[in-house]
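Engineer: Structure file upload-v1.cif, mmCIF, C-alpha atoms, is pasted below:
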data_target
loop_
_atom_site.label_atom_id
_atom_site.label_comp_id
_atom_site.auth_asym_id
_atom_site.auth_seq_id
_atom_site.Cartn_x
_atom_site.Cartn_y
_atom_site.Cartn_z
CA MET G 20 132.67 108.00 96.76
CA SER G 21 130.71 104.92 95.68
CA TYR G 22 128.32 104.89 92.75
CA HIS G 23 125.36 104.57 95.14
CA ALA G 24 126.58 107.59 97.09
CA ARG G 25 126.77 109.57 93.87
CA GLN G 26 123.26 108.45 93.00
CA SER G 27 122.04 109.72 96.38
CA LEU G 28 123.80 113.04 95.81
CA LEU G 29 121.83 113.50 92.56
CA ALA G 30 118.59 111.77 93.57
CA ASP G 31 116.47 114.91 93.11
CA LEU G 32 117.70 115.57 89.55
CA HIS G 33 116.09 112.74 87.60
CA ALA G 34 112.61 114.15 86.88
CA PRO G 35 112.13 115.88 83.50
CA ARG G 36 110.12 119.10 83.65
CA PRO G 37 107.68 119.04 80.72
CA ALA G 38 107.22 122.83 80.64
CA ILE G 39 110.94 123.37 80.07
CA TYR G 40 111.07 120.74 77.33
CA TRP G 41 108.01 122.04 75.48
CA CYS G 42 108.92 125.74 75.70
CA ASP G 43 112.50 125.07 74.59
CA LEU G 44 111.48 122.84 71.68
CA ILE G 45 108.66 125.08 70.42
CA GLY G 46 110.74 128.22 70.85
CA SER G 47 113.81 126.79 69.11
CA ALA G 48 111.90 125.16 66.26
CA GLY G 49 109.46 128.05 65.83
CA LEU G 50 112.13 130.75 65.69
CA GLY G 51 114.34 128.45 63.62
CA TRP G 52 111.73 127.91 60.92
CA ALA G 53 110.78 131.61 60.99
CA SER G 54 114.44 132.48 60.33
CA PHE G 55 114.54 129.80 57.65
CA ALA G 56 111.49 131.31 55.90
CA TRP G 57 113.02 134.78 56.12
CA ALA G 58 116.19 133.46 54.49
CA VAL G 59 114.15 131.86 51.68
CA ILE G 60 112.40 135.11 50.73
CA SER G 61 115.47 137.34 51.18
CA GLN G 62 117.64 138.64 48.35
CA PRO G 63 120.08 135.84 47.44
CA TRP G 64 123.47 136.20 49.11
CA SER G 65 122.44 139.41 50.86
CA ALA G 66 123.62 140.14 54.39
CA ILE G 67 120.14 139.48 55.76
CA GLN G 68 119.96 136.12 54.02
CA LEU G 69 123.34 135.06 55.39
CA LEU G 70 122.35 136.20 58.88
CA THR G 71 118.95 134.51 58.90
CA THR G 72 120.48 131.31 57.49
CA ALA G 73 123.02 131.29 60.32
CA VAL G 74 120.32 131.89 62.93
CA ALA G 75 118.12 129.17 61.41
CA THR G 76 121.05 126.75 61.48
CA LEU G 77 121.80 127.28 65.17
CA LEU G 78 118.18 127.21 66.30
CA LEU G 79 117.20 124.17 64.24
CA TYR G 80 120.36 122.42 65.40
CA ARG G 81 119.30 123.04 68.98
CA ALA G 82 115.82 121.71 68.22
CA LEU G 83 117.33 118.67 66.49
CA CYS G 84 119.43 117.84 69.56
CA PHE G 85 116.25 117.02 71.48
CA ILE G 86 116.44 113.68 69.68
CA HIS G 87 119.01 112.77 72.34
CA GLU G 88 116.57 113.62 75.13
CA ILE G 89 113.84 111.64 73.37
CA SER G 90 116.14 108.62 73.45
CA HIS G 91 116.54 108.84 77.23
CA ASN G 92 113.41 110.58 78.51
CA GLY G 93 110.91 110.53 75.65
CA THR G 94 108.59 107.96 77.24
CA ARG G 95 108.15 110.29 80.23
CA LEU G 96 106.97 113.20 78.05
CA ARG G 97 103.55 112.55 76.55
CA TRP G 98 103.32 113.40 72.82
CA PHE G 99 106.76 115.02 72.82
CA GLU G 100 108.31 112.60 70.34
CA ALA G 101 105.40 112.95 67.90
CA ALA G 102 105.57 116.75 68.12
CA TRP G 103 109.34 116.68 67.64
CA ASN G 104 108.99 114.57 64.49
CA LEU G 105 106.47 117.01 63.00
CA LEU G 106 108.47 120.12 63.92
CA VAL G 107 112.00 118.90 63.34
CA GLY G 108 112.54 115.25 62.44
CA PHE G 109 110.38 115.01 59.32
CA PRO G 110 111.40 118.35 57.74
CA LEU G 111 115.11 117.66 58.39
CA LEU G 112 114.81 114.02 57.24
CA LEU G 113 115.96 112.71 60.62
CA PRO G 114 112.97 110.95 62.20
CA SER G 115 113.35 109.91 65.83
CA PHE G 116 113.57 106.20 65.03
CA THR G 117 117.04 106.78 63.52
CA TYR G 118 118.36 107.43 67.03
CA ALA G 119 115.91 106.62 69.83
CA GLU G 120 116.62 102.90 70.31
CA VAL G 121 119.98 102.79 68.53
CA HIS G 122 121.59 105.20 71.00
CA PHE G 123 121.35 102.69 73.84
CA ASP G 124 124.01 100.59 72.10
CA HIS G 125 126.37 103.52 72.68
CA HIS G 126 125.74 103.38 76.43
CA ARG G 127 125.80 99.65 77.10
CA MET G 128 128.93 98.48 78.90
CA SER G 129 129.04 95.45 76.61
CA THR G 130 129.12 97.52 73.40
CA TYR G 131 130.56 100.99 74.17
CA GLY G 132 133.72 101.56 72.13
CA THR G 133 133.40 98.24 70.29
CA LYS G 134 132.36 97.40 66.72
CA ALA G 135 128.80 97.10 68.01
CA ASP G 136 128.77 100.78 69.07
CA PRO G 137 127.03 102.91 66.42
CA GLU G 138 128.61 106.16 67.67
CA TYR G 139 132.26 105.29 68.11
CA LEU G 140 135.31 105.07 65.86
CA PRO G 141 139.04 105.04 66.76
CA PHE G 142 139.58 108.74 66.00
CA ALA G 143 142.40 108.95 68.58
CA ARG G 144 144.49 106.68 66.35
CA SER G 145 143.80 108.29 62.96
CA PRO G 146 143.80 112.02 62.09
CA ALA G 147 142.76 111.07 58.54
CA LEU G 148 139.64 109.34 59.88
CA THR G 149 138.85 112.37 62.03
CA THR G 150 139.19 114.73 59.06
CA TRP G 151 137.13 112.48 56.80
CA PHE G 152 134.32 112.20 59.34
CA CYS G 153 134.27 115.95 59.93
CA PHE G 154 133.74 116.89 56.29
CA ALA G 155 131.66 113.87 55.26
CA ASN G 156 128.84 115.33 57.37
CA LEU G 157 128.45 118.13 54.81
CA PHE G 158 127.08 115.54 52.37
CA ALA G 159 124.53 114.15 54.82
CA PRO G 160 121.56 115.97 53.20
CA LEU G 161 122.11 114.09 49.94
CA VAL G 162 122.29 110.76 51.76
CA LEU G 163 119.13 111.58 53.71
CA CYS G 164 117.25 112.52 50.53
CA LEU G 165 118.29 109.24 48.94
CA ARG G 166 117.27 107.20 52.00
CA PHE G 167 113.91 108.76 52.79
CA LEU G 168 112.63 110.19 49.51
CA ILE G 169 113.85 107.53 47.05
CA LEU G 170 114.51 104.29 48.93
CA THR G 171 111.49 104.51 51.25
CA PRO G 172 108.87 104.13 48.49
CA ILE G 173 110.88 101.24 47.01
CA GLY G 174 110.91 99.56 50.40
CA LEU G 175 107.16 100.02 50.80
CA VAL G 176 106.55 97.82 47.74
CA ILE G 177 109.46 95.36 48.18
CA PRO G 178 109.32 93.84 51.69
CA ARG G 179 112.76 92.19 51.51
CA PHE G 180 114.37 95.50 50.59
CA GLU G 181 112.48 97.22 53.40
CA ALA G 182 113.83 94.62 55.84
CA TRP G 183 117.35 95.44 54.61
CA LEU G 184 116.70 99.17 55.12
CA VAL G 185 115.58 98.53 58.70
CA LYS G 186 118.83 96.77 59.57
CA HIS G 187 121.35 98.75 57.55
CA ALA G 188 119.91 102.18 56.68
CA SER G 189 117.65 103.30 59.51
CA ALA G 190 120.09 104.51 62.15
CA ILE G 191 122.32 107.51 62.72
CA THR G 192 125.67 105.80 62.82
CA MET G 193 129.30 106.59 62.08
CA ASN G 194 130.27 102.94 62.43
CA MET G 195 129.77 101.03 59.18
CA HIS G 196 130.05 97.72 61.05
CA TYR G 197 126.90 98.49 63.02
CA CYS G 198 123.81 96.43 62.20
CA ARG G 199 120.53 97.40 63.80
CA LYS G 200 118.56 94.72 65.60
CA SER G 201 115.20 94.27 63.88
CA THR G 202 112.06 93.34 65.79
CA ALA G 203 108.45 93.38 64.65
CA ARG G 204 107.88 96.52 66.76
CA THR G 205 110.94 98.30 65.34
CA ALA G 206 110.00 97.41 61.76
CA HIS G 207 106.45 98.68 62.34
CA ILE G 208 107.65 102.02 63.76
CA ILE G 209 110.13 102.53 60.93
CA ARG G 210 107.53 101.69 58.28
CA ARG G 211 104.91 103.96 59.88
CA ASP G 212 107.18 106.97 60.42
CA SER G 213 108.93 106.59 57.05
CA SER G 214 105.51 106.62 55.38
CA LEU G 215 104.41 109.70 57.34
CA LEU G 216 107.68 111.47 56.49
CA LEU G 217 107.23 110.68 52.81
CA LEU G 218 103.65 111.96 52.92
CA TYR G 219 104.90 115.11 54.67
CA TRP G 220 107.28 115.83 51.81
CA LEU G 221 104.78 114.87 49.09
CA VAL G 222 102.48 117.58 50.44
CA ALA G 223 105.21 120.17 51.05
CA ILE G 224 106.93 119.98 47.66
CA PRO G 225 103.84 120.77 45.49
CA ALA G 226 102.81 123.51 47.94
CA LEU G 227 106.20 125.18 47.63
CA GLN G 228 106.17 124.71 43.86
CA SER G 229 102.78 126.41 43.55
CA GLY G 230 104.15 129.41 45.44
CA HIS G 231 107.31 129.49 43.28
CA LEU G 232 109.42 128.90 46.39
CA LEU G 233 110.64 125.37 45.72
CA PHE G 234 114.10 126.26 44.38
CA PRO G 235 115.09 128.86 47.02
CA THR G 236 113.67 126.63 49.77
CA ALA G 237 115.66 123.65 48.47
CA VAL G 238 118.88 125.70 48.39
CA ILE G 239 118.46 127.04 51.93
CA TRP G 240 117.38 123.59 53.16
CA LEU G 241 120.53 122.01 51.72
CA ILE G 242 122.76 124.68 53.27
CA VAL G 243 121.09 124.60 56.69
CA THR G 244 120.94 120.79 56.87
CA ALA G 245 124.57 120.45 55.79
CA LEU G 246 125.69 122.96 58.42
CA VAL G 247 123.55 121.34 61.12
CA ASN G 248 125.15 117.96 60.40
CA PHE G 249 128.62 119.51 60.21
CA ILE G 250 128.25 121.18 63.62
CA ASN G 251 126.86 117.99 65.08
CA GLY G 252 129.86 116.12 63.67
CA LEU G 253 132.25 118.52 65.42
CA ARG G 254 130.25 118.14 68.62
CA THR G 255 130.45 114.35 68.31
CA LEU G 256 134.24 114.48 67.91
CA ALA G 257 134.46 116.63 71.04
CA ALA G 258 132.30 114.29 73.14
CA HIS G 259 134.86 111.52 73.77
CA GLY G 260 138.54 110.76 73.88
CA TYR G 261 137.97 107.85 71.44
CA GLU G 262 140.79 105.86 73.03
CA SER G 263 138.99 102.52 73.23
CA ALA G 264 140.95 99.58 71.85
CA GLY G 265 137.69 97.95 70.81
CA GLN G 266 137.05 96.08 74.07
CA PRO G 267 133.99 96.63 76.30
CA MET G 268 134.37 99.26 79.04
CA GLU G 269 132.78 99.38 82.47
CA ARG G 270 130.90 102.54 83.39
CA MET G 271 133.65 104.64 84.96
CA ARG G 272 136.02 103.89 82.07
CA GLN G 273 133.26 105.13 79.73
CA VAL G 274 133.01 108.28 81.83
CA ALA G 275 136.80 108.75 81.77
CA ASP G 276 136.68 108.48 77.96
CA SER G 277 133.99 111.19 77.84
CA ILE G 278 134.28 114.97 78.06
CA ASP G 279 132.47 117.83 79.80
CA VAL G 280 132.70 121.39 78.47
CA PRO G 281 131.01 123.47 81.19
CA ASN G 282 131.94 126.93 79.89
CA GLY G 283 128.87 129.07 79.09
CA PHE G 284 127.30 130.59 76.04
CA TRP G 285 129.64 129.49 73.24
CA ALA G 286 129.55 125.84 74.33
CA GLU G 287 125.75 125.97 74.44
CA LEU G 288 125.70 126.93 70.75
CA TRP G 289 127.64 123.90 69.49
CA ALA G 290 126.64 121.40 72.22
CA PRO G 291 123.12 122.41 73.29
CA VAL G 292 120.47 120.56 75.29
CA GLY G 293 122.93 119.18 77.84
CA LEU G 294 125.32 117.65 75.31
CA ARG G 295 128.26 119.63 76.67
CA TYR G 296 128.04 117.57 79.88
CA HIS G 297 128.82 114.30 78.15
CA ALA G 298 130.90 112.67 80.88
CA ILE G 299 128.23 113.35 83.50
CA HIS G 300 125.61 112.07 81.06
CA HIS G 301 127.43 108.77 80.55
CA CYS G 302 127.53 108.27 84.29
CA PHE G 303 123.87 109.22 84.84
CA PRO G 304 122.08 109.01 81.46
CA SER G 305 118.58 109.48 82.88
CA ILE G 306 119.24 112.99 84.26
CA PRO G 307 117.31 115.46 82.03
CA TYR G 308 119.29 118.10 80.21
CA HIS G 309 118.04 121.01 82.31
CA ASP G 310 119.52 119.48 85.49
CA LEU G 311 122.92 118.45 84.10
CA PRO G 312 124.61 121.76 85.07
CA ARG G 313 123.56 121.22 88.70
CA ALA G 314 124.71 117.59 88.55
CA TYR G 315 128.07 118.74 87.20
CA ARG G 316 128.55 121.30 89.96
CA ARG G 317 127.68 118.80 92.71
CA LEU G 318 129.90 116.02 91.37
CA THR G 319 132.92 118.22 90.66
CA ALA G 320 132.62 119.68 94.17
CA ALA G 321 132.35 116.23 95.76
CA MET G 322 134.91 114.45 93.53
CA PRO G 323 137.15 117.05 91.83
CA GLU G 324 139.92 114.51 91.32
CA THR G 325 137.56 112.38 89.19
CA TYR G 326 135.07 114.61 87.43
CA GLY G 327 137.18 117.76 87.28
CA THR G 328 139.78 116.01 85.11
CA MET G 329 137.14 115.23 82.46
CA SER G 330 136.44 118.91 81.76
CA ARG G 331 137.82 120.86 78.80
CA ALA G 332 137.84 124.57 78.05
CA GLY G 333 136.08 124.43 74.68
CA LEU G 334 135.50 122.88 71.28
CA PHE G 335 138.88 123.73 69.77
CA GLN G 336 140.77 122.31 72.74
CA CYS G 337 138.82 119.04 72.40
CA LEU G 338 139.39 118.81 68.65
CA GLY G 339 143.05 119.81 68.91
CA ALA G 340 143.71 117.18 71.58
CA LEU G 341 141.98 114.48 69.52
CA PHE G 342 143.88 115.38 66.37
CA SER G 343 147.19 115.50 68.26
CA LYS G 344 146.59 112.05 69.71
CA GLY G 345 145.94 110.77 66.22
CA LEU G 346 149.16 112.28 64.90
CA ARG G 347 151.18 110.70 67.70
CA ALA G 348 149.57 107.30 67.13
CA SER G 349 149.90 107.28 63.33
#
Represent the structure contained in this file as structure tokens.

Structural biologist:
Amino acid sequence: MSYHARQSLLADLHAPRPAIYWCDLIGSAGLGWASFAWAVISQPWSAIQLLTTAVATLLLYRALCFIHEISHNGTRLRWFEAAWNLLVGFPLLLPSFTYAEVHFDHHRMSTYGTKADPEYLPFARSPALTTWFCFANLFAPLVLCLRFLILTPIGLVIPRFEAWLVKHASAITMNMHYCRKSTARTAHIIRRDSSLLLLYWLVAIPALQSGHLLFPTAVIWLIVTALVNFINGLRTLAAHGYESAGQPMERMRQVADSIDVPNGFWAELWAPVGLRYHAIHHCFPSIPYHDLPRAYRRLTAAMPETYGTMSRAGLFQCLGALFSKGLRAS
């Protein structure tokens, strides 16, 4: 089946439904922050605190994953990106500009799997690299605090340093070779949203201090943010085969290097908001997350020999296969 035939098969699945996006985001973020607050005021290390921290982690992780949808469909959802930043991006120190434009370099046929891809490393050739990446995500909160609460104000008064931050410290990236392209528009957005984020925290910290909640809030925030980044790291490792030799790939080779995990509830916890259909997404990146299950069913029915082979049973199968490939290659 040609690519145009596949496009026709999925032609009715490209329109985002704002009601689904807004209800999902507000529900996930609202319940996530309610659970977070409950954890803050609970008895330290009690069963209820552990439970509410776990619930807050999963719900806020789901809310955070809408950053991926903002990258692909944000311009078609009025005010959604701004609301997401206020509800999720600013409090978790991950504003949308760290991903929204950068992510396209992961999809381009000229950059996917190369040194210009911000979201790709040769994990299939190195189990040590896979292990390092997995656990390095636990330290992400400290890096984010440094970047947005310490370096941002320095950049606001030293333009040359701010220009360096735009290129080298304003993107979610696992690839240290990646350098962000800087335009006047990009620099303006980063400066504006970094300033708003800083203001957000300059208001929140004294308010929490006045209510004697700063220390327990900081502890729960560190735990939740570390776990969110850790889960997202596992999800990232399970998204691809990471077998690129560093050369550009055409679209169907990208798809073949990507993975779908269609199995139900458990997969939705660690790869929410459509991220468990990563092979389908790389083939049709504009399909909104709520229609990816239907796209998967149609494509696997029409082309089981192609799309069916890209499916895996779950997270541990994906991680085990990646680690095994690394062991064989090392």

Engineer: Can you check which parts of segment 78-140 of chain G lie within 12 Å of segment 262-274 of chain G? Per residue, the shortest pair of atoms and distance in Å to one decimal, counting only C-alpha atoms, sorted by chain and number, as JSON lines.

Structural biologist:
{"residue": "G:Asp124", "atom": "CA", "partner": "G:Pro267", "partner_atom": "CA", "distance": 11.5}
{"residue": "G:His125", "atom": "CA", "partner": "G:Gln273", "partner_atom": "CA", "distance": 10.0}
{"residue": "G:His126", "atom": "CA", "partner": "G:Gln273", "partner_atom": "CA", "distance": 8.4}
{"residue": "G:Arg127", "atom": "CA", "partner": "G:Arg270", "partner_atom": "CA", "distance": 8.6}
{"residue": "G:Met128", "atom": "CA", "partner": "G:Glu269", "partner_atom": "CA", "distance": 5.3}
{"residue": "G:Ser129", "atom": "CA", "partner": "G:Pro267", "partner_atom": "CA", "distance": 5.1}
{"residue": "G:Thr130", "atom": "CA", "partner": "G:Pro267", "partner_atom": "CA", "distance": 5.7}
{"residue": "G:Tyr131", "atom": "CA", "partner": "G:Pro267", "partner_atom": "CA", "distance": 5.9}
{"residue": "G:Gly132", "atom": "CA", "partner": "G:Ser263", "partner_atom": "CA", "distance": 5.5}
{"residue": "G:Thr133", "atom": "CA", "partner": "G:Gly265", "partner_atom": "CA", "distance": 4.3}
{"residue": "G:Lys134", "atom": "CA", "partner": "G:Gly265", "partner_atom": "CA", "distance": 6.7}
{"residue": "G:Ala135", "atom": "CA", "partner": "G:Gly265", "partner_atom": "CA", "distance": 9.4}
{"residue": "G:Asp136", "atom": "CA", "partner": "G:Gly265", "partner_atom": "CA", "distance": 9.5}
{"residue": "G:Tyr139", "atom": "CA", "partner": "G:Ser263", "partner_atom": "CA", "distance": 8.9}
{"residue": "G:Leu140", "atom": "CA", "partner": "G:Ser263", "partner_atom": "CA", "distance": 8.6}

Engineer: Which residues come within 12 Å of Arg97 of chain G, counting all atoms listed in the file, excluding same-chain residues fewer than 4 positions away, as a list of chain:residue names?

Structural biologist: G:Pro35, G:Arg36, G:Pro37, G:Ala38, G:Tyr40, G:Trp41, G:Ile89, G:Asn92, G:Gly93, G:Ala101, G:Ala102, G:Trp103

Engineer: Grab the atom CA of Leu106 of chain G to atom CA of Leu78 of chain G distance for me, in Å with one decimal place.

Structural biologist: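 Computing it gives 12.3 Å between the two atoms.
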
Engineer: Report the distance between atom CA of Ala190 of chain G and atom CA of Pro137 of chain G in Å, rounded to one decimal place.

Structural biologist: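 A separation of 8.3 Å between them.
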
Engineer: The PyMOL selection byres ((chain G and resi 63-69) around 12) - which residues does that actually catch in the file I just gave you? List them as a list of chain:residue names.

Structural biologist: G:Ser54, G:Phe55, G:Ala56, G:Trp57, G:Ala58, G:Val59, G:Ile60, G:Ser61, G:Gln62, G:Leu70, G:Thr71, G:Thr72, G:Ala73, G:Val74, G:Ala75, G:Thr76, G:Phe234, G:Pro235, G:Thr236, G:Val238, G:Ile239, G:Ile242, G:Val243

Engineer: Atoms to include: C-alpha atoms. Write the selected residues as a compact mmCIF listing (two decimals), in the coordinates of the input.

Structural biologist:
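The resulting file, result.txt, is shown below:
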# COMPACT_ATOMS: atom_id res chain seq x y z
CA SER G 54 114.44 132.48 60.33
CA PHE G 55 114.54 129.80 57.65
CA ALA G 56 111.49 131.31 55.90
CA TRP G 57 113.02 134.78 56.12
CA ALA G 58 116.19 133.46 54.49
CA VAL G 59 114.15 131.86 51.68
CA ILE G 60 112.40 135.11 50.73
CA SER G 61 115.47 137.34 51.18
CA GLN G 62 117.64 138.64 48.35
CA LEU G 70 122.35 136.20 58.88
CA THR G 71 118.95 134.51 58.90
CA THR G 72 120.48 131.31 57.49
CA ALA G 73 123.02 131.29 60.32
CA VAL G 74 120.32 131.89 62.93
CA ALA G 75 118.12 129.17 61.41
CA THR G 76 121.05 126.75 61.48
CA PHE G 234 114.10 126.26 44.38
CA PRO G 235 115.09 128.86 47.02
CA THR G 236 113.67 126.63 49.77
CA VAL G 238 118.88 125.70 48.39
CA ILE G 239 118.46 127.04 51.93
CA ILE G 242 122.76 124.68 53.27
CA VAL G 243 121.09 124.60 56.69

Engineer: Using only C-alpha atoms, which protein or nucleic acid residues come within 10 Å of segment 198-209 of chain G? Drop anything in the same chain fewer than 3 positions from it, and give the result as a PyMOL selection string.

Structural biologist: chain G and resi 114-117+120-121+124+134-137+171+181-190+192+194-195+212-215

Engineer: Near Asn251 of chain G, counting all atoms listed in the file, which residues have an atom at most 12 Å away, once you skip same-chain residues fewer than 3 positions from it, shown as an MDAnalysis selection string?

Structural biologist: chainID G and resid 76:77 79:81 83:84 87 152:157 159 191 244:248 254:258 288:291 294:295 334

Engineer: Can you write just those residues out, C-alpha atoms, as a PDB file, in the coordinates of the input?

Structural biologist:
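Below is the file part09.pdb, written as the result:
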ATOM      1  CA  THR G  76     121.050 126.750  61.480  1.00  0.00           C
ATOM      2  CA  LEU G  77     121.800 127.280  65.170  1.00  0.00           C
ATOM      3  CA  LEU G  79     117.200 124.170  64.240  1.00  0.00           C
ATOM      4  CA  TYR G  80     120.360 122.420  65.400  1.00  0.00           C
ATOM      5  CA  ARG G  81     119.300 123.040  68.980  1.00  0.00           C
ATOM      6  CA  LEU G  83     117.330 118.670  66.490  1.00  0.00           C
ATOM      7  CA  CYS G  84     119.430 117.840  69.560  1.00  0.00           C
ATOM      8  CA  HIS G  87     119.010 112.770  72.340  1.00  0.00           C
ATOM      9  CA  PHE G 152     134.320 112.200  59.340  1.00  0.00           C
ATOM     10  CA  CYS G 153     134.270 115.950  59.930  1.00  0.00           C
ATOM     11  CA  PHE G 154     133.740 116.890  56.290  1.00  0.00           C
ATOM     12  CA  ALA G 155     131.660 113.870  55.260  1.00  0.00           C
ATOM     13  CA  ASN G 156     128.840 115.330  57.370  1.00  0.00           C
ATOM     14  CA  LEU G 157     128.450 118.130  54.810  1.00  0.00           C
ATOM     15  CA  ALA G 159     124.530 114.150  54.820  1.00  0.00           C
ATOM     16  CA  ILE G 191     122.320 107.510  62.720  1.00  0.00           C
ATOM     17  CA  THR G 244     120.940 120.790  56.870  1.00  0.00           C
ATOM     18  CA  ALA G 245     124.570 120.450  55.790  1.00  0.00           C
ATOM     19  CA  LEU G 246     125.690 122.960  58.420  1.00  0.00           C
ATOM     20  CA  VAL G 247     123.550 121.340  61.120  1.00  0.00           C
ATOM     21  CA  ASN G 248     125.150 117.960  60.400  1.00  0.00           C
ATOM     22  CA  ARG G 254     130.250 118.140  68.620  1.00  0.00           C
ATOM     23  CA  THR G 255     130.450 114.350  68.310  1.00  0.00           C
ATOM     24  CA  LEU G 256     134.240 114.480  67.910  1.00  0.00           C
ATOM     25  CA  ALA G 257     134.460 116.630  71.040  1.00  0.00           C
ATOM     26  CA  ALA G 258     132.300 114.290  73.140  1.00  0.00           C
ATOM     27  CA  LEU G 288     125.700 126.930  70.750  1.00  0.00           C
ATOM     28  CA  TRP G 289     127.640 123.900  69.490  1.00  0.00           C
ATOM     29  CA  ALA G 290     126.640 121.400  72.220  1.00  0.00           C
ATOM     30  CA  PRO G 291     123.120 122.410  73.290  1.00  0.00           C
ATOM     31  CA  LEU G 294     125.320 117.650  75.310  1.00  0.00           C
ATOM     32  CA  ARG G 295     128.260 119.630  76.670  1.00  0.00           C
ATOM     33  CA  LEU G 334     135.500 122.880  71.280  1.00  0.00           C
TER      34      LEU G 334
END

Engineer: Evaluate the PyMOL selection byres ((chain G and resi 314-331) around 8) against this structure - the residues, as a PyMOL selection string, please.

Structural biologist: chain G and resi 20+25+28-29+32+275+277-281+296+298-299+310-313+332-333+336-337

Engineer: Okay, now the selection with C-alpha atoms, as a compact mmCIF listing (two decimals), keeping the file's coordinate frame?

Structural biologist:
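This is the output file selection_14.txt:
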# COMPACT_ATOMS: atom_id res chain seq x y z
CA MET G 20 132.67 108.00 96.76
CA ARG G 25 126.77 109.57 93.87
CA LEU G 28 123.80 113.04 95.81
CA LEU G 29 121.83 113.50 92.56
CA LEU G 32 117.70 115.57 89.55
CA ALA G 275 136.80 108.75 81.77
CA SER G 277 133.99 111.19 77.84
CA ILE G 278 134.28 114.97 78.06
CA ASP G 279 132.47 117.83 79.80
CA VAL G 280 132.70 121.39 78.47
CA PRO G 281 131.01 123.47 81.19
CA TYR G 296 128.04 117.57 79.88
CA ALA G 298 130.90 112.67 80.88
CA ILE G 299 128.23 113.35 83.50
CA ASP G 310 119.52 119.48 85.49
CA LEU G 311 122.92 118.45 84.10
CA PRO G 312 124.61 121.76 85.07
CA ARG G 313 123.56 121.22 88.70
CA ALA G 332 137.84 124.57 78.05
CA GLY G 333 136.08 124.43 74.68
CA GLN G 336 140.77 122.31 72.74
CA CYS G 337 138.82 119.04 72.40

Engineer: Counting only C-alpha atoms, which residues of segment 115-206 of chain G sit at most 12 Å from some atom of segment 342-347 of chain G, and what is each one's closest atom pair with its distance in Å to one decimal, listed by chain and rising residue number, as a tab-separated table?

Structural biologist:
residue	atom	partner	partner_atom	distance
G:Pro141	CA	G:Gly345	CA	9.0
G:Phe142	CA	G:Gly345	CA	6.7
G:Ala143	CA	G:Gly345	CA	4.6
G:Arg144	CA	G:Gly345	CA	4.3
G:Ser145	CA	G:Gly345	CA	4.6
G:Pro146	CA	G:Gly345	CA	4.8
G:Ala147	CA	G:Gly345	CA	8.3
G:Leu148	CA	G:Gly345	CA	9.1
G:Thr149	CA	G:Phe342	CA	7.3
G:Thr150	CA	G:Phe342	CA	8.7
G:Cys153	CA	G:Phe342	CA	11.6

Engineer: Distance atom CA of Val162 of chain G-atom CA of Met193 of chain G, one decimal place?

Structural biologist: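 Here the two named atoms are 13.2 Å from each other.
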
Engineer: Taking into account only C-alpha atoms, which residue in the set G:Ala82, G:Pro225, G:His91, G:Leu96 is nearest to His301 of chain G?

Structural biologist: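 The answer is G:His91, which sits nearest to His301 of chain G.
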
Engineer: Hey, which of G:Trp220, G:Phe85, G:Phe303, G:Phe180 ends up closest to Phe109 of chain G? Count all atoms listed in the file.

Structural biologist: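 When distances to Phe109 of chain G are compared using all atoms listed in the file, the smallest one comes from G:Trp220.
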
Engineer: My structure is short of atoms at segment 339-348 of chain G; please model N, CA and C atoms there, returning them as a PDB file, keeping the file's coordinate frame.

Structural biologist:
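Written file, result_4.pdb:
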ATOM      1  N   GLY G 339     141.597 119.779  69.015  1.00  0.00           N
ATOM      2  CA  GLY G 339     143.050 119.810  68.910  1.00  0.00           C
ATOM      3  C   GLY G 339     143.690 118.636  69.632  1.00  0.00           C
ATOM      4  N   ALA G 340     143.158 118.298  70.820  1.00  0.00           N
ATOM      5  CA  ALA G 340     143.710 117.180  71.580  1.00  0.00           C
ATOM      6  C   ALA G 340     143.474 115.860  70.852  1.00  0.00           C
ATOM      7  N   LEU G 341     142.291 115.711  70.257  1.00  0.00           N
ATOM      8  CA  LEU G 341     141.980 114.480  69.520  1.00  0.00           C
ATOM      9  C   LEU G 341     142.879 114.341  68.303  1.00  0.00           C
ATOM     10  N   PHE G 342     143.050 115.417  67.568  1.00  0.00           N
ATOM     11  CA  PHE G 342     143.880 115.380  66.370  1.00  0.00           C
ATOM     12  C   PHE G 342     145.342 115.102  66.726  1.00  0.00           C
ATOM     13  N   SER G 343     145.805 115.709  67.823  1.00  0.00           N
ATOM     14  CA  SER G 343     147.190 115.500  68.260  1.00  0.00           C
ATOM     15  C   SER G 343     147.436 114.050  68.653  1.00  0.00           C
ATOM     16  N   LYS G 344     146.469 113.451  69.345  1.00  0.00           N
ATOM     17  CA  LYS G 344     146.590 112.050  69.710  1.00  0.00           C
ATOM     18  C   LYS G 344     146.704 111.176  68.463  1.00  0.00           C
ATOM     19  N   GLY G 345     145.900 111.515  67.460  1.00  0.00           N
ATOM     20  CA  GLY G 345     145.940 110.770  66.220  1.00  0.00           C
ATOM     21  C   GLY G 345     147.287 110.872  65.519  1.00  0.00           C
ATOM     22  N   LEU G 346     147.856 112.082  65.522  1.00  0.00           N
ATOM     23  CA  LEU G 346     149.160 112.280  64.900  1.00  0.00           C
ATOM     24  C   LEU G 346     150.246 111.479  65.608  1.00  0.00           C
ATOM     25  N   ARG G 347     150.181 111.438  66.941  1.00  0.00           N
ATOM     26  CA  ARG G 347     151.180 110.700  67.700  1.00  0.00           C
ATOM     27  C   ARG G 347     151.055 109.191  67.490  1.00  0.00           C
ATOM     28  N   ALA G 348     149.809 108.732  67.279  1.00  0.00           N
ATOM     29  CA  ALA G 348     149.570 107.300  67.130  1.00  0.00           C
ATOM     30  C   ALA G 348     149.840 106.800  65.710  1.00  0.00           C
TER      31      ALA G 348
END
